[in-house]
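Raw upload.cif, mmCIF, C-alpha atoms:
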```cif
data_query
loop_
_atom_site.label_atom_id
_atom_site.label_comp_id
_atom_site.auth_asym_id
_atom_site.auth_seq_id
_atom_site.Cartn_x
_atom_site.Cartn_y
_atom_site.Cartn_z
CA MET A 1 -139.49 -77.58 -5.37
CA PRO A 2 -135.76 -77.90 -4.58
CA SER A 3 -133.69 -74.77 -5.02
CA LEU A 4 -131.41 -74.41 -8.01
CA GLN A 5 -127.84 -75.43 -7.24
CA VAL A 6 -125.34 -72.66 -7.98
CA PHE A 7 -121.61 -73.36 -8.27
CA CYS A 8 -118.81 -70.81 -8.34
CA ARG A 9 -115.02 -70.79 -8.35
CA ALA A 10 -112.66 -68.91 -6.05
CA TYR A 11 -109.06 -68.59 -5.04
CA MET A 12 -108.37 -69.73 -1.45
CA GLN A 13 -105.74 -67.27 -0.28
CA GLY A 14 -103.99 -68.47 2.85
CA TYR A 15 -105.10 -72.11 2.47
CA GLY A 16 -102.34 -74.28 1.03
CA SER A 17 -99.82 -73.65 -1.71
CA ASP A 18 -102.20 -74.22 -4.64
CA GLN A 19 -104.76 -71.44 -4.27
CA GLY A 20 -107.03 -72.45 -7.13
CA PRO A 21 -109.45 -71.37 -8.38
CA TRP A 22 -111.55 -74.12 -6.80
CA ARG A 23 -115.20 -74.94 -7.29
CA TYR A 24 -117.70 -74.55 -4.45
CA ARG A 25 -121.45 -74.52 -4.04
CA LEU A 26 -123.16 -71.23 -3.20
CA PHE A 27 -126.07 -71.72 -0.79
CA PRO A 28 -128.91 -69.26 -0.25
CA GLU A 29 -129.00 -67.70 3.19
CA ARG A 30 -132.02 -69.74 4.27
CA GLU A 31 -130.05 -73.01 3.86
CA LEU A 32 -126.82 -72.11 5.63
CA ARG A 33 -127.92 -73.00 9.15
CA ALA A 34 -128.88 -76.52 8.10
CA GLN A 35 -125.71 -76.94 6.05
CA ILE A 36 -123.52 -75.98 9.01
CA LEU A 37 -125.38 -78.33 11.35
CA LYS A 38 -125.11 -81.14 8.81
CA ARG A 39 -121.33 -80.97 9.05
CA CYS A 40 -121.16 -80.85 12.86
CA THR A 41 -120.87 -83.70 15.34
CA THR A 42 -122.61 -82.47 18.47
CA ASP A 43 -123.11 -83.72 22.03
CA ILE A 44 -125.14 -82.03 24.74
CA SER A 45 -125.31 -82.71 28.46
CA SER A 46 -128.49 -84.10 30.01
CA ASP A 47 -129.28 -80.76 31.69
CA GLY A 48 -128.67 -78.79 28.49
CA GLY A 49 -126.03 -76.61 30.11
CA CYS A 50 -123.03 -77.93 28.20
CA LEU A 51 -122.51 -78.62 24.51
CA SER A 52 -119.62 -79.84 22.40
CA THR A 53 -119.38 -79.67 18.64
CA SER A 54 -116.71 -80.78 16.21
CA PHE A 55 -116.46 -79.57 12.62
CA GLN A 56 -114.43 -80.65 9.59
CA PRO A 57 -116.20 -80.07 6.25
CA HIS A 58 -113.53 -81.57 3.98
CA ILE A 59 -115.20 -84.81 2.91
CA SER A 60 -112.05 -86.94 2.70
CA SER A 61 -110.42 -85.71 5.92
CA ALA A 62 -110.95 -87.60 9.17
CA ASN A 63 -111.49 -85.33 12.16
CA GLU A 64 -108.82 -86.03 14.79
CA ASP A 65 -110.29 -83.76 17.48
CA ARG A 66 -112.20 -85.30 20.36
CA SER A 67 -114.22 -83.83 23.23
CA LEU A 68 -115.58 -84.98 26.55
CA ILE A 69 -118.60 -84.02 28.68
CA LEU A 70 -118.70 -86.09 31.83
CA ASP A 71 -119.95 -86.08 35.41
CA LEU A 72 -117.42 -87.40 37.93
CA SER A 73 -119.00 -88.99 40.99
CA LEU A 74 -116.71 -88.32 43.95
CA PRO A 75 -117.40 -88.71 47.69
CA ASN A 76 -118.37 -85.05 48.10
CA GLY A 77 -120.71 -84.91 45.11
CA ILE A 78 -120.84 -84.65 41.33
CA TRP A 79 -118.03 -82.77 39.61
CA SER A 80 -118.40 -81.49 36.04
CA LEU A 81 -115.60 -82.37 33.62
CA THR A 82 -115.38 -81.04 30.07
CA ALA A 83 -112.42 -81.32 27.71
CA VAL A 84 -111.17 -80.73 24.17
CA PHE A 85 -108.46 -83.00 22.79
CA ASP A 86 -106.82 -81.80 19.57
CA GLY A 87 -105.21 -84.88 18.06
CA HIS A 88 -102.42 -84.55 15.54
CA GLY A 89 -100.67 -87.07 13.32
CA GLY A 90 -103.64 -89.38 13.93
CA HIS A 91 -106.56 -89.89 16.28
CA GLU A 92 -105.21 -92.67 18.51
CA THR A 93 -103.83 -90.54 21.35
CA ALA A 94 -106.97 -88.41 21.54
CA ASP A 95 -109.14 -91.53 21.55
CA TYR A 96 -107.09 -92.98 24.40
CA LEU A 97 -107.46 -89.76 26.40
CA VAL A 98 -111.24 -89.92 26.09
CA ALA A 99 -111.28 -93.54 27.23
CA GLU A 100 -108.71 -93.51 30.03
CA LEU A 101 -107.99 -90.01 31.33
CA PRO A 102 -111.12 -89.81 33.54
CA SER A 103 -109.88 -92.73 35.66
CA PHE A 104 -106.54 -90.97 36.20
CA LEU A 105 -108.38 -87.81 37.22
CA MET A 106 -110.70 -89.67 39.59
CA ALA A 107 -107.77 -91.33 41.32
CA GLY A 108 -105.98 -88.03 41.87
CA LEU A 109 -109.00 -85.97 42.88
CA SER A 110 -110.35 -88.42 45.46
CA SER A 111 -107.78 -87.36 48.05
CA THR A 112 -107.70 -83.60 47.33
CA MET A 113 -111.33 -82.61 46.73
CA THR A 114 -111.49 -79.88 49.37
CA ASN A 115 -108.10 -78.32 48.72
CA VAL A 116 -107.97 -75.73 45.92
CA GLU A 117 -104.22 -76.03 45.37
CA GLY A 118 -104.45 -79.79 45.77
CA VAL A 119 -106.96 -80.00 42.92
CA SER A 120 -104.60 -78.03 40.65
CA ASP A 121 -101.74 -80.36 41.52
CA ALA A 122 -103.94 -83.42 41.01
CA LEU A 123 -104.86 -82.23 37.51
CA THR A 124 -101.28 -81.63 36.40
CA SER A 125 -100.17 -84.92 37.97
CA ALA A 126 -102.92 -86.84 36.19
CA ILE A 127 -101.77 -85.57 32.77
CA TYR A 128 -98.12 -86.29 33.54
CA ASP A 129 -98.92 -89.77 34.91
CA PHE A 130 -101.11 -90.56 31.92
CA ASP A 131 -98.36 -89.70 29.44
CA GLU A 132 -95.66 -91.50 31.40
CA ALA A 133 -97.84 -94.63 31.69
CA MET A 134 -98.39 -94.57 27.94
CA LYS A 135 -94.63 -94.36 27.43
CA ARG A 136 -93.98 -97.25 29.85
CA ASP A 137 -96.52 -99.42 28.02
CA PHE A 138 -94.57 -98.85 24.82
CA LEU A 139 -91.11 -99.35 26.32
CA GLU A 140 -92.18 -102.69 27.80
CA ILE A 141 -92.47 -104.00 24.23
CA PHE A 142 -88.71 -103.47 23.88
CA PRO A 143 -87.11 -104.21 27.27
CA GLU A 144 -83.68 -104.39 25.64
CA GLY A 145 -81.25 -101.56 26.27
CA ILE A 146 -80.97 -98.77 23.75
CA ASP A 147 -77.65 -100.08 22.40
CA GLU A 148 -79.22 -103.44 21.63
CA ILE A 149 -82.24 -101.78 20.00
CA ALA A 150 -79.88 -99.75 17.80
CA THR A 151 -78.48 -102.96 16.28
CA MET A 152 -81.74 -104.93 16.19
CA PRO A 153 -82.65 -106.13 12.67
CA ALA A 154 -85.58 -104.29 11.14
CA ALA A 155 -87.39 -107.58 10.49
CA MET A 156 -87.30 -108.38 14.22
CA VAL A 157 -88.63 -104.93 15.11
CA LYS A 158 -91.42 -105.16 12.57
CA ALA A 159 -92.46 -108.64 13.70
CA ARG A 160 -92.76 -107.47 17.28
CA ILE A 161 -94.45 -104.13 16.73
CA ASN A 162 -96.78 -104.91 13.82
CA ASP A 163 -98.81 -107.56 15.61
CA GLN A 164 -102.20 -106.82 14.08
CA CYS A 165 -102.66 -110.51 13.22
CA SER A 166 -102.55 -111.39 16.93
CA GLY A 167 -104.73 -108.57 18.26
CA GLY A 168 -102.58 -105.52 17.52
CA LEU A 169 -101.90 -104.53 21.14
CA ASN A 170 -98.25 -103.65 20.52
CA HIS A 171 -99.13 -101.78 17.35
CA MET A 172 -101.71 -99.68 19.18
CA LYS A 173 -99.33 -98.92 22.07
CA ALA A 174 -96.80 -97.64 19.54
CA LEU A 175 -99.35 -95.53 17.66
CA ARG A 176 -100.51 -93.85 20.87
CA CYS A 177 -96.94 -92.74 21.52
CA MET A 178 -96.28 -91.69 17.93
CA ARG A 179 -99.42 -89.57 17.63
CA GLY A 180 -100.09 -86.64 19.91
CA SER A 181 -102.85 -84.54 21.41
CA THR A 182 -103.24 -81.21 23.12
CA ILE A 183 -105.60 -80.88 26.08
CA LEU A 184 -108.02 -78.24 27.32
CA LEU A 185 -109.90 -79.31 30.43
CA ALA A 186 -112.39 -77.57 32.70
CA LEU A 187 -113.41 -78.89 36.10
CA VAL A 188 -116.23 -77.49 38.24
CA ASP A 189 -116.83 -78.64 41.82
CA PRO A 190 -120.27 -79.72 43.16
CA THR A 191 -120.94 -76.30 44.70
CA LYS A 192 -120.32 -74.59 41.34
CA LYS A 193 -118.19 -72.05 43.19
CA HIS A 194 -114.82 -73.26 41.92
CA LEU A 195 -113.45 -73.63 38.39
CA TRP A 196 -110.13 -75.07 37.27
CA VAL A 197 -108.93 -74.87 33.65
CA LEU A 198 -105.98 -76.96 32.49
CA SER A 199 -104.13 -76.31 29.25
CA LEU A 200 -101.50 -78.36 27.47
CA GLY A 201 -100.84 -77.22 23.91
CA ASP A 202 -102.33 -74.39 21.89
CA GLY A 203 -106.08 -74.57 22.42
CA VAL A 204 -107.94 -71.55 23.76
CA ALA A 205 -110.14 -71.36 26.86
CA VAL A 206 -112.03 -68.15 27.60
CA LEU A 207 -114.31 -67.22 30.49
CA GLY A 208 -117.24 -64.98 29.66
CA SER A 209 -118.54 -62.93 32.58
CA ARG A 210 -121.24 -60.29 33.04
CA GLN A 211 -122.29 -58.38 36.12
CA GLU A 212 -125.94 -58.57 37.10
CA GLY A 213 -127.86 -55.75 35.46
CA SER A 214 -125.16 -55.13 32.84
CA SER A 215 -125.34 -55.91 29.13
CA GLN A 216 -121.55 -55.97 28.72
CA TRP A 217 -119.80 -59.32 28.52
CA ASN A 218 -116.10 -59.47 29.42
CA ALA A 219 -113.60 -62.08 28.22
CA SER A 220 -110.76 -63.59 30.25
CA ILE A 221 -108.33 -65.99 28.59
CA LEU A 222 -107.67 -68.93 30.93
CA SER A 223 -105.32 -70.97 28.70
CA ASP A 224 -101.63 -70.73 27.86
CA ASN A 225 -100.25 -70.88 24.34
CA HIS A 226 -97.82 -73.81 24.28
CA ASN A 227 -96.68 -73.31 20.70
CA GLY A 228 -93.35 -72.60 19.04
CA ASN A 229 -94.67 -69.20 17.92
CA ASN A 230 -94.87 -68.15 21.59
CA PRO A 231 -91.51 -66.51 22.43
CA SER A 232 -91.61 -67.63 26.06
CA GLU A 233 -92.11 -71.27 25.07
CA ALA A 234 -89.41 -71.08 22.41
CA ASP A 235 -87.02 -69.52 24.93
CA ARG A 236 -87.82 -72.22 27.48
CA ILE A 237 -86.83 -74.95 25.05
CA ARG A 238 -83.70 -73.09 23.95
CA GLN A 239 -82.63 -72.74 27.59
CA GLN A 240 -83.09 -76.46 28.10
CA HIS A 241 -81.00 -77.21 24.98
CA PRO A 242 -78.47 -74.34 24.90
CA ASP A 243 -76.04 -75.91 22.44
CA GLU A 244 -78.68 -76.91 19.90
CA PRO A 245 -79.60 -73.99 17.61
CA GLU A 246 -82.11 -76.14 15.75
CA CYS A 247 -84.10 -77.25 18.79
CA ILE A 248 -86.55 -74.55 17.67
CA PHE A 249 -86.66 -73.16 14.15
CA ASP A 250 -89.45 -72.07 11.83
CA ASP A 251 -91.41 -71.69 15.10
CA ARG A 252 -91.48 -75.48 15.47
CA VAL A 253 -89.88 -78.02 17.78
CA LEU A 254 -86.91 -79.48 15.88
CA GLY A 255 -88.38 -77.69 12.86
CA ASN A 256 -91.30 -80.12 12.77
CA LEU A 257 -93.91 -79.87 15.54
CA ALA A 258 -95.89 -76.68 16.22
CA VAL A 259 -96.94 -77.45 19.80
CA THR A 260 -94.35 -77.41 22.57
CA ARG A 261 -96.42 -79.36 25.11
CA ALA A 262 -98.62 -82.36 24.45
CA VAL A 263 -99.50 -85.89 25.42
CA GLY A 264 -97.87 -88.42 23.10
CA ASP A 265 -95.36 -87.20 20.49
CA HIS A 266 -92.74 -89.48 22.02
CA ALA A 267 -90.55 -89.20 18.95
CA PHE A 268 -89.68 -85.83 20.53
CA LYS A 269 -89.40 -87.21 24.08
CA LEU A 270 -87.36 -90.40 23.65
CA PRO A 271 -83.82 -90.83 22.26
CA ALA A 272 -83.62 -90.74 18.46
CA THR A 273 -83.00 -94.48 18.30
CA TYR A 274 -86.64 -95.16 19.14
CA ALA A 275 -87.90 -93.08 16.25
CA GLU A 276 -85.32 -94.39 13.82
CA LYS A 277 -85.46 -98.08 14.70
CA ILE A 278 -89.00 -98.58 15.99
CA PHE A 279 -91.46 -95.79 15.14
CA LEU A 280 -90.38 -95.68 11.48
CA ASN A 281 -90.97 -99.45 11.23
CA VAL A 282 -94.56 -99.26 12.45
CA GLU A 283 -96.91 -100.20 9.59
CA PRO A 284 -99.11 -98.29 9.02
CA GLY A 285 -97.34 -95.56 10.91
CA PHE A 286 -96.29 -92.01 10.14
CA ARG A 287 -98.14 -90.40 7.26
CA VAL A 288 -94.99 -88.63 6.07
CA PRO A 289 -91.97 -90.68 7.19
CA ALA A 290 -89.60 -88.27 5.45
CA ALA A 291 -90.64 -85.50 7.84
CA VAL A 292 -89.68 -87.68 10.80
CA GLU A 293 -86.42 -88.73 9.18
CA SER A 294 -85.55 -85.06 8.71
CA PHE A 295 -85.64 -84.20 12.44
CA ILE A 296 -84.05 -87.38 13.83
CA PRO A 297 -80.49 -85.97 13.44
CA ARG A 298 -81.55 -82.93 15.54
CA ASN A 299 -82.85 -85.10 18.38
CA LEU A 300 -79.74 -84.93 20.57
CA SER A 301 -80.95 -84.46 24.16
CA PRO A 302 -84.64 -85.28 24.57
CA PRO A 303 -87.24 -84.52 25.75
CA TYR A 304 -88.08 -81.48 23.66
CA VAL A 305 -91.87 -81.62 24.08
CA SER A 306 -93.24 -81.28 27.61
CA ASN A 307 -96.14 -83.04 29.33
CA PHE A 308 -96.38 -80.46 32.15
CA ALA A 309 -99.71 -78.66 31.95
CA ASN A 310 -100.70 -75.24 33.31
CA VAL A 311 -103.77 -74.83 35.52
CA ARG A 312 -105.73 -71.64 36.23
CA TYR A 313 -108.15 -71.43 39.16
CA VAL A 314 -111.20 -69.13 39.24
CA ASP A 315 -113.34 -68.42 42.30
CA LEU A 316 -116.75 -68.06 40.68
CA HIS A 317 -118.25 -66.49 43.80
CA ALA A 318 -115.56 -63.86 44.27
CA GLN A 319 -117.95 -61.40 42.66
CA SER A 320 -121.61 -61.78 43.56
CA GLY A 321 -124.29 -61.48 40.93
CA CYS A 322 -122.13 -62.56 37.98
CA ASP A 323 -123.20 -64.68 35.01
CA TYR A 324 -120.48 -66.96 33.68
CA PHE A 325 -119.88 -69.34 30.83
CA ILE A 326 -116.73 -70.99 29.53
CA LEU A 327 -115.76 -71.59 25.92
CA MET A 328 -112.95 -73.99 25.06
CA CYS A 329 -111.81 -74.61 21.49
CA SER A 330 -109.10 -76.30 19.51
CA ASP A 331 -106.78 -73.99 17.61
CA GLY A 332 -108.82 -74.65 14.46
CA LEU A 333 -111.35 -72.01 15.52
CA VAL A 334 -108.60 -69.40 15.86
CA ASP A 335 -107.09 -70.44 12.52
CA LEU A 336 -110.35 -69.71 10.71
CA TYR A 337 -109.63 -66.06 11.45
CA MET A 338 -105.84 -65.98 11.41
CA ASP A 339 -105.52 -67.88 8.12
CA ASP A 340 -107.54 -65.17 6.39
CA PRO A 341 -105.34 -62.06 5.95
CA ASP A 342 -108.45 -59.84 5.89
CA ARG A 343 -109.73 -61.12 9.27
CA ALA A 344 -106.63 -61.73 11.38
CA GLU A 345 -106.52 -59.83 14.67
CA SER A 346 -105.13 -60.15 18.18
CA LEU A 347 -106.38 -63.04 20.27
CA THR A 348 -107.54 -60.63 22.98
CA SER A 349 -109.88 -58.76 20.66
CA LEU A 350 -110.99 -61.99 18.98
CA VAL A 351 -112.12 -63.71 22.19
CA GLN A 352 -113.96 -60.55 23.23
CA LYS A 353 -115.98 -60.87 20.03
CA TRP A 354 -116.65 -64.51 20.81
CA VAL A 355 -118.11 -63.88 24.25
CA GLU A 356 -120.30 -61.09 22.88
CA ILE A 357 -121.62 -63.38 20.13
CA VAL A 358 -122.27 -66.24 22.55
CA GLY A 359 -123.20 -64.46 25.76
CA ASP A 360 -126.66 -63.12 25.00
CA VAL A 361 -128.08 -66.47 23.89
CA VAL A 362 -126.04 -69.18 25.62
CA ARG A 363 -128.36 -69.55 28.62
CA ASP A 364 -131.53 -69.72 26.52
CA ASP A 365 -130.30 -71.77 23.55
CA ILE A 366 -126.79 -73.20 23.80
CA GLN A 367 -126.94 -74.76 20.32
CA GLU A 368 -127.89 -71.42 18.81
CA ALA A 369 -124.94 -69.83 20.61
CA MET A 370 -122.59 -72.42 19.09
CA LEU A 371 -124.07 -71.96 15.62
CA ARG A 372 -123.71 -68.18 15.78
CA LEU A 373 -120.05 -68.50 16.75
CA LEU A 374 -119.26 -71.05 14.07
CA ARG A 375 -121.11 -69.01 11.47
CA HIS A 376 -119.08 -65.96 12.45
CA ALA A 377 -115.81 -67.92 12.19
CA LEU A 378 -116.71 -69.23 8.74
CA GLY A 379 -117.43 -65.77 7.34
CA ALA A 380 -120.12 -64.08 9.44
CA GLU A 381 -122.72 -62.41 7.19
CA ASP A 382 -120.77 -63.12 3.99
CA VAL A 383 -122.92 -65.89 2.47
CA ASP A 384 -120.42 -66.47 -0.31
CA ASN A 385 -117.50 -66.94 2.08
CA VAL A 386 -119.46 -69.25 4.41
CA SER A 387 -120.60 -71.36 1.45
CA ARG A 388 -117.04 -71.55 0.17
CA MET A 389 -115.69 -72.73 3.53
CA LEU A 390 -118.39 -75.40 3.69
CA THR A 391 -118.06 -76.88 0.21
CA VAL A 392 -114.90 -75.85 -1.64
CA GLU A 393 -113.64 -78.83 -3.64
CA MET A 394 -109.95 -78.67 -2.79
CA PRO A 395 -108.09 -82.00 -2.99
CA VAL A 396 -106.40 -81.47 0.39
CA THR A 397 -107.64 -80.27 3.76
CA TYR A 398 -108.12 -76.51 3.66
CA MET A 399 -108.96 -75.94 7.31
CA ASP A 400 -107.96 -77.46 10.62
CA ASP A 401 -110.33 -79.61 12.63
CA THR A 402 -112.42 -77.26 14.77
CA THR A 403 -113.93 -78.31 18.09
CA MET A 404 -115.71 -76.23 20.72
CA VAL A 405 -117.14 -76.88 24.16
CA LEU A 406 -119.58 -74.35 25.62
CA GLN A 407 -120.64 -74.61 29.27
CA VAL A 408 -122.92 -72.38 31.31
CA LEU A 409 -121.54 -72.01 34.84
#
```
Kindly transcribe the structure held in the file into structure tokens.
Amino acid sequence: MPSLQVFCRAYMQGYGSDQGPWRYRLFPERELRAQILKRCTTDISSDGGCLSTSFQPHISSANEDRSLILDLSLPNGIWSLTAVFDGHGGHETADYLVAELPSFLMAGLSSTMTNVEGVSDALTSAIYDFDEAMKRDFLEIFPEGIDEIATMPAAMVKARINDQCSGGLNHMKALRCMRGSTILLALVDPTKKHLWVLSLGDGVAVLGSRQEGSSQWNASILSDNHNGNNPSEADRIRQQHPDEPECIFDDRVLGNLAVTRAVGDHAFKLPATYAEKIFLNVEPGFRVPAAVESFIPRNLSPPYVSNFANVRYVDLHAQSGCDYFILMCSDGLVDLYMDDPDRAESLTSLVQKWVEIVGDVVRDDIQEAMLRLLRHALGAEDVDNVSRMLTVEMPVTYMDDTTMVLQVL
């Protein structure tokens, strides 16, 4: 006999301007595992040692996160590549990264496989080259000089860029540049002795480690926070644009974009004319054109958003007898804690909790490890709070897309 459906109402403090009360369904404890899994898109590697999951319970919100689990066949063996791409403004840039970034990485790694520093350089170069190639593809649509583009009739721009009736290639090239994506990427060499972690944007990568014979897991953050709320990133942009007080305000680039480094987001990398004359004439294009129009006058000396990634290297055999795993996540996982005033804490203490939740089960059951972490993020043992986060009937998205990759090393 099916269980009785129970509905409640609650205020959603910290989620949007209209806090309710909103209706949600209260599940019994025995159903929560299945309800969480039902809302996850999951992929697992053939050997069971790596898993990705993406989560967005709001029924009318498309998830713009993407992930990648891939073996790269290089002359010296099989390299393991995993990645999280947090798309924003749309999914097109993240989709393009999934499809095309591996070929850029393969080309760069082929000549530097045995050189630790060379691999780091190859990773950063691949991201830079990818973004620059995407920009060139777009600029080739408008070979005219910027002065000519500034006076080009809108009808001419629209006819050239909105070419969906003839295949839509120009339209897609424009969308890839208008949208954006952050990147977290982990690369492990065939010997499994060497790990590289690349970060571009505000995702979080953490290494869990435990000495043989110990029950204590330790967490090491391997990513950098490329976000306007990071004082060092904000200062970097201000130093690059010293006479522009509004290059960063409200902790956002030009008052609009939270991340300070990303692939795409070329409205922040190209002169304002391109946003004003071309990007704003793409149909369909920006979801909120007024937001773009508001920062165009501040775009005085681009670029403001960087495509230079940071790479951390870890020698996995520096300490013998260690167990390792890596967790990478989009910022949505962090936001599930930080958006709740009763659960917000420092990132250092938060990731320590994560590795303790995951560590004891990740080698035996990687899906169970993921479920325990997601359950903790949604409300831990509070059945009411977990149910609310799964089913609350708010008209707008109440939580960010959340994607995780777990890999046993």
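Selection check: the PyMOL selection byres ((chain A and resi 389) around 9) on the shown file gives Tyr24, Pro57, Leu378, Gly379, Asp384, Asn385, Val386, Ser387, Arg388, Leu390, Thr391, Val392, Tyr398 and Met399 of chain A.
Taking atom CA of A:Thr82 and atom CA of A:Val204 as the two end points, the separation is 13.6 Å.
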To one decimal in Å, tell me the separation between atom CA of A:Ile161 and atom CA of A:Pro271.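 Rounded to one decimal, the two atoms are 17.9 Å apart.
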Carefully work through the PyMOL selection byres ((chain A and resi 49-55) around 10) for this structure and note down the residues it includes, as a PyMOL selection string. chain A and resi 36-48+56-58+63-70+80+82-84+325-330+332-333+362-367+369-371+374+399-409
Show me as a list of chain:residue names the residues that reach within 8 Å of (-100.5, -99.4, 26.8), counting all atoms listed in the file and using the file's own coordinates. A:Ala133, A:Met134, A:Lys135, A:Arg136, A:Asp137, A:Phe138, A:Leu169, A:Asn170, A:Met172, A:Lys173
Residues within 8 Å of stretch 257-268 of chain A, only C-alpha atoms, excluding chain neighbours under 3 positions, as JSON, numbers by chain: {"A": [93, 127, 131, 134, 135, 176, 177, 178, 179, 180, 181, 182, 183, 200, 201, 202, 226, 227, 228, 229, 233, 251, 252, 253, 254, 271, 272, 274, 275, 279, 299, 302, 303, 304, 305, 306, 307, 308, 309]}
State, in Å with one decimal place, the distance from atom CA of A:Arg9 to atom CA of A:Trp22.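 If I compute the distance from atom CA of A:Arg9 to atom CA of A:Trp22, I get 5.1 Å.
Counting all atoms listed in the file and comparing A:Glu283, A:Asp224, A:Asp121, A:Asp86, the residue that lies closest to A:Asn162 is A:Glu283.
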Shortest interatomic distance to A:Gly87 - which of A:Leu32, A:Met152, A:Ala62, A:Leu72, counting all atoms listed in the file: A:Ala62
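Of the residues under consideration (A:Tyr324, A:Phe295, A:Phe286, A:Tyr337), A:Tyr324 shows the shortest atom-to-atom contact distance to A:Asn218 when counting all atoms listed in the file.
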Counting only C-alpha atoms, figure out which residue out of A:Gln352, A:Ser209, A:Ile357, A:His194 gets nearest to A:Arg375.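 Using only C-alpha atoms, the shortest distance to A:Arg375 belongs to A:Ile357.
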Between A:Pro190, A:Pro245, A:Gly359, A:Pro231, single out the one closest to A:Ala219, counting all atoms listed in the file.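 Once distances to A:Ala219 are computed over all atoms listed in the file, the minimum belongs to A:Gly359.
Of the residues listed (A:Thr348, A:Asn256, A:Ser110, A:Ser61), A:Thr348 shows the shortest atom-to-atom separation from A:Ala205; distances use all atoms listed in the file.
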Spell out the residues picked by the PyMOL selection byres ((chain A and resi 126) around 9) here, as a tab-separated table (two decimals) with C-alpha atoms, keeping the file's coordinate frame.
```
chain	number	residue	atom	x	y	z
A	101	LEU	CA	-107.99	-90.01	31.33
A	104	PHE	CA	-106.54	-90.97	36.20
A	105	LEU	CA	-108.38	-87.81	37.22
A	106	MET	CA	-110.70	-89.67	39.59
A	107	ALA	CA	-107.77	-91.33	41.32
A	108	GLY	CA	-105.98	-88.03	41.87
A	121	ASP	CA	-101.74	-80.36	41.52
A	122	ALA	CA	-103.94	-83.42	41.01
A	123	LEU	CA	-104.86	-82.23	37.51
A	124	THR	CA	-101.28	-81.63	36.40
A	125	SER	CA	-100.17	-84.92	37.97
A	127	ILE	CA	-101.77	-85.57	32.77
A	128	TYR	CA	-98.12	-86.29	33.54
A	129	ASP	CA	-98.92	-89.77	34.91
A	130	PHE	CA	-101.11	-90.56	31.92
A	131	ASP	CA	-98.36	-89.70	29.44
```
Shell around A:Asp163 at 12 Å using only C-alpha atoms, local window under 3 positions removed, as number ranges by chain: A: 141, 156-160, 166-174, 282-284
Export stretch 191-204 of chain A, N, CA and C atoms, as a compact mmCIF listing (two decimals), in the first residue's frame; it's the structure right above.
```
# COMPACT_ATOMS: atom_id res chain seq x y z
N THR A 191 51.01 5.90 -13.97
CA THR A 191 51.59 5.24 -12.80
C THR A 191 50.78 5.48 -11.54
N LYS A 192 49.83 6.40 -11.60
CA LYS A 192 49.01 6.81 -10.45
C LYS A 192 49.86 7.38 -9.32
N LYS A 193 51.02 7.91 -9.68
CA LYS A 193 51.89 8.56 -8.71
C LYS A 193 51.75 10.09 -8.73
N HIS A 194 51.17 10.61 -9.80
CA HIS A 194 51.17 12.06 -10.00
C HIS A 194 49.75 12.56 -10.27
N LEU A 195 49.39 13.64 -9.59
CA LEU A 195 48.07 14.25 -9.71
C LEU A 195 48.22 15.74 -9.99
N TRP A 196 47.49 16.21 -10.98
CA TRP A 196 47.42 17.64 -11.26
C TRP A 196 45.96 18.07 -11.14
N VAL A 197 45.70 19.20 -10.50
CA VAL A 197 44.34 19.74 -10.37
C VAL A 197 44.35 21.17 -10.89
N LEU A 198 43.52 21.41 -11.88
CA LEU A 198 43.40 22.74 -12.49
C LEU A 198 42.09 23.38 -12.05
N SER A 199 42.16 24.67 -11.72
CA SER A 199 40.94 25.39 -11.35
C SER A 199 40.86 26.71 -12.10
N LEU A 200 39.67 26.99 -12.57
CA LEU A 200 39.35 28.25 -13.24
C LEU A 200 37.93 28.58 -12.82
N GLY A 201 37.78 29.56 -11.93
CA GLY A 201 36.46 29.87 -11.40
C GLY A 201 36.37 29.57 -9.92
N ASP A 202 35.16 29.24 -9.45
CA ASP A 202 34.95 29.13 -8.00
C ASP A 202 34.47 27.75 -7.55
N GLY A 203 34.78 26.71 -8.32
CA GLY A 203 34.53 25.36 -7.83
C GLY A 203 35.53 24.99 -6.75
N VAL A 204 35.29 23.86 -6.09
CA VAL A 204 36.15 23.43 -4.99
C VAL A 204 36.65 22.02 -5.27
```
